[in-house]
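Here's the structure, in structure tokens; my notes come after.
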Amino acid sequence: MRVFNGIDEIRAAVGEHLGYSEYQPVTQADIDAFAALTGDDQWIHVDPERAKDGPFGSTIAHGLLTLSLGPRHAKEIYRIDGLKMSVNYGYDKIRFPSPVPVDSKIRLGAVLSSVKDISENSVQIAITFTWEAEGRPKPACVAEMLIRSSV
């Protein structure tokens with residue numbers, strides 16, 4: 001795990017790949033729970049029998065399920081200490097280039113993309129997240145996470 005202590009260390013690391021999380025399986029139970037929580041119960045996610053004959057040959061995880069695992073996976077890659085407070089400000093440039101079939105294992109890679117001064121006492125940190133499904137040629141999701149921090 002990469003540990004940053006303060007904004008100067010973060011600024012010095014812009015452009016660096018911070019590492020990868022461990023692989024995590026995405027099960028039908030995970031997909032079903034996400035569908036129940038969000039109301040997105042499209043058959044390509046929740047109907048294994050119908051999905052066998054569908055375009056992916058099985059059910060697939062919701063793209064937003066994959067995206068929502070970012071904070072969980074990021075905790076394995078990096079930690080930022082020495083700031084007064086940080087909040088998730090949002091995501092930019094979200095894309096889902098490849099589906100995540102049920103029972104795939106996914107991991108997250110992170111690149112520290114930029115640091116911008118917002119005010120005298122705050123910065124915006126951008127980290128590009130790339131989720132990979134084990135054995136798949138294209139990423140499952142790519143998104144730029146934005147963090148607003150008080151320094």
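Residue numbering restarts at 1 for every chain of the structure tokens, chains are lettered A, B, ... in their displayed order, and ligands are numbered from 1 as they appear.
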
What's around Ser98 of chain A at 7 Å? Count only C-alpha atoms, leave out sequence neighbours fewer than 3 positions away in its own chain, and write the answer as a compact mmCIF listing (two decimals) with all heavy atoms, in the first residue's frame.
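Written output follows (result_36.txt):
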# COMPACT_ATOMS: atom_id res chain seq x y z
N LYS A 138 -10.10 -6.23 -22.33
CA LYS A 138 -10.39 -4.81 -22.17
C LYS A 138 -10.79 -4.53 -20.72
O LYS A 138 -11.33 -5.39 -20.03
CB LYS A 138 -11.55 -4.41 -23.09
CG LYS A 138 -11.20 -4.48 -24.57
CD LYS A 138 -12.42 -4.37 -25.44
CE LYS A 138 -12.88 -2.97 -25.63
NZ LYS A 138 -14.02 -2.86 -26.57
N PRO A 139 -10.57 -3.31 -20.25
CA PRO A 139 -11.01 -2.97 -18.89
C PRO A 139 -12.52 -3.07 -18.75
O PRO A 139 -13.26 -2.85 -19.72
CB PRO A 139 -10.56 -1.51 -18.72
CG PRO A 139 -9.69 -1.19 -19.86
CD PRO A 139 -9.93 -2.20 -20.93
N ALA A 140 -12.96 -3.35 -17.56
CA ALA A 140 -14.39 -3.40 -17.27
C ALA A 140 -14.95 -1.99 -17.06
O ALA A 140 -16.08 -1.69 -17.43
CB ALA A 140 -14.66 -4.25 -16.04

- prompt: Could you write out, as an MDAnalysis selection string, all the residues of chain A that DSSP marks as alpha helix (DSSP H)?
  reply: chainID A and resid 7:12 28:38 43:46 48:52 63:68 70:74

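One finds atom CA of Ile127 of chain A at 6.6 Å from atom CA of Leu146 of chain A.
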
- prompt: Hey, what's within 10 Å of Val3 of chain A if we count only C-alpha atoms and toss same-chain stuff fewer than 4 positions away? As a ChimeraX atom specification, please?
  reply: /A:9-10,18,77-81

Write the residues of the selection above to a file with N, CA and C atoms, as a PDB file, in the first residue's frame.
ATOM      1  N   GLU A   9       3.614  15.365  -0.825  1.00  0.00           N
ATOM      2  CA  GLU A   9       3.904  14.016  -1.315  1.00  0.00           C
ATOM      3  C   GLU A   9       2.948  13.620  -2.439  1.00  0.00           C
ATOM      4  N   ILE A  10       1.711  14.065  -2.341  1.00  0.00           N
ATOM      5  CA  ILE A  10       0.737  13.772  -3.398  1.00  0.00           C
ATOM      6  C   ILE A  10       1.139  14.498  -4.681  1.00  0.00           C
ATOM      7  N   LEU A  18      -0.173   3.774  -8.863  1.00  0.00           N
ATOM      8  CA  LEU A  18      -0.094   3.531  -7.425  1.00  0.00           C
ATOM      9  C   LEU A  18      -0.179   2.056  -7.058  1.00  0.00           C
ATOM     10  N   ILE A  77      -4.903  -0.001  -2.062  1.00  0.00           N
ATOM     11  CA  ILE A  77      -3.859   0.550  -2.937  1.00  0.00           C
ATOM     12  C   ILE A  77      -3.140   1.734  -2.302  1.00  0.00           C
ATOM     13  N   TYR A  78      -3.892   2.673  -1.739  1.00  0.00           N
ATOM     14  CA  TYR A  78      -3.271   3.891  -1.221  1.00  0.00           C
ATOM     15  C   TYR A  78      -4.060   4.428  -0.039  1.00  0.00           C
ATOM     16  N   ARG A  79      -3.375   5.283   0.707  1.00  0.00           N
ATOM     17  CA  ARG A  79      -3.998   6.008   1.818  1.00  0.00           C
ATOM     18  C   ARG A  79      -3.383   7.398   1.835  1.00  0.00           C
ATOM     19  N   ILE A  80      -4.194   8.396   2.127  1.00  0.00           N
ATOM     20  CA  ILE A  80      -3.721   9.766   2.205  1.00  0.00           C
ATOM     21  C   ILE A  80      -3.871  10.245   3.642  1.00  0.00           C
ATOM     22  N   ASP A  81      -2.750  10.511   4.276  1.00  0.00           N
ATOM     23  CA  ASP A  81      -2.726  11.051   5.631  1.00  0.00           C
ATOM     24  C   ASP A  81      -2.302  12.512   5.569  1.00  0.00           C
TER      25      ASP A  81
END

- prompt: So how far away is atom CA of Ser114 of chain A from atom CA of Ala126 of chain A, in Å?
  reply: 5.1 Å

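For the residues A:Arg107, A:Lys52, A:Arg136, A:Lys84, ranking by smallest atom-to-atom distance to Ile7 of chain A using only C-alpha atoms places A:Lys84 first.
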
- request: Measuring atom to atom with only C-alpha atoms, identify which of A:Thr27, A:Asn5, A:Ser150, A:Thr66 is nearest to Ile118 of chain A.
  value: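 The shortest atom-to-atom distance to Ile118 of chain A comes from A:Ser150.
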
Pick from A:Ile147, A:Ala133, A:Ile44, A:Leu112, whichever lies nearest to Phe56 of chain A using only C-alpha atoms: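 Comparing A:Ile147, A:Ala133, A:Ile44, A:Leu112 against Phe56 of chain A, the winner is A:Ile44.
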